[in-house]
Amino acid sequence: MVSTGTEKLTLEQALRVDYQRKLVFVSQGLAEGDVAPPIAGVEFADGPSIVYHFKPPEEPAPAGVHLFPRVLRDWAETFVGLQIVLVVTGPTAEDFARDLRAIVGEKVTVVPDPFGKIRTTYELLDSPRGMLFLLNREGHIAGRAPGIRVENWHYLSQIVEVHARGEPSQTENMAFAVRHPKFVVGKPVPLAGLTDISGNPAPSGTFRGQVTMVYFFAPGCEPCAVATEVTKQLHKEFGHRVQFIGLAHLLSPDTIHWAHICATRYEEKESWAWSLPEGEEGARQYVEDTLTELKDYIAGFDFPVFVDWDDRAMGAWGMGLCGFPSWAILDSEGRLVEMIPGGAASYNLNGQTVKSTFPPVDWLQEMLNSALTAERSQ
């Protein structure tokens, strides 16, 4: 039995609870085109705006150690005419907001949201800790992106610069952007520049012809080790009826290069990016070494693997908040039938350590069988 508060759950029940939480996580947040709700005390100007939501951990580090307020301050100083509103949610919101104001100054409007009322109106019901919404001059959501990190700082800055000029940002086609799932389920998935590990582009018909299960993973992801074995098991069982394809997350040379610059510029000495090689040549070598590691990792795969550079595919498919490992099921026309945000963990079951994915393997089997049944009925 697994304890969840005062409730005792079987392992399978606990895995399914974890999966339901993941589904809520992935589908949250206002979507592109939605009207941005008003924020008490904030008067939005007749121009482009950004609303950045942040929820500190229960015992937050000082505001000054976080990257995002320094980046927001620099955006406010660089992009003239752009209005930036920073909403801080949680029991520590008042104190944290006070510290943030000392960093961002008057050019960023900081709004404490201790009870999460504003966060709820933006339909952010769970983590992520940081979420960025682009608002156009009509007050509609023009784009969505995850919280600011060293690896996405450069791309987010490009999105924000375009937005500040009043131009369509097309965030769904950019690295690290987050399309809302409701726009992609039932639609053909874009290839978004996918290549194989040798750099060859994915053929145009890669995701068509039969039901397809796509496995999203990252070579250095610890839970992916469990999910990879589960995916291999599914391939052995369904491989004669279902096409399996792997999408490996890797950071591009350009992203590695700019991540190091970000870490250096903002003195992010605790960040992994601080130790990255300098210069474009060093970034290319780093990525080549990572590709070599990936080749070793997928040596036991019996299905093709493509590289999802900078999460472009995950973002364009509405899975930008899924994380790794995750799966997606496509129909024979290449349309997204179901996104499956996943995970894996070890559990103590009757004194034995059990490693399992959530959703559990039997649920993944049910999903594939349902997709095959739906395909036959068409």
# chains A, B, ... in the order shown; residues from 1 in each chain; ligands from 1
>>> residues_around(residues="Ile148 of chain A", least_positions_apart="4", cutoff="9 Å", atoms="only C-alpha atoms", output="number ranges by chain")
A: 67-68, 71, 130-132, 152-153, 156
>>> select_by_dssp(residues="segment 13-59 of chain A", states="helix (DSSP H, G or I)", output="list in words")
Gln13, Ala14, Leu15, Arg16, Val17, Asp18, Tyr19, Gln20, Arg21, Lys22, Leu23, Val24, Phe25 and Val26 of chain A
>>> residues_around(residues="His180 of chain A", least_positions_apart="5", cutoff="12 Å", atoms="only C-alpha atoms", output="PyMOL selection string")
chain A and resi 25-34+123+133+141-146+171-172+185+314-322+339
>>> atom_distance(atom1="atom CA of Glu268 of chain A", atom2="atom CA of Ile103 of chain A")
15.8 Å
>>> residues_around(residues="Glu151 of chain A", least_positions_apart="3", cutoff="12 Å", atoms="only C-alpha atoms", output="PyMOL selection string")
chain A and resi 67+146-148+154-157+175-176+250-263+268+271-274+276+310-311
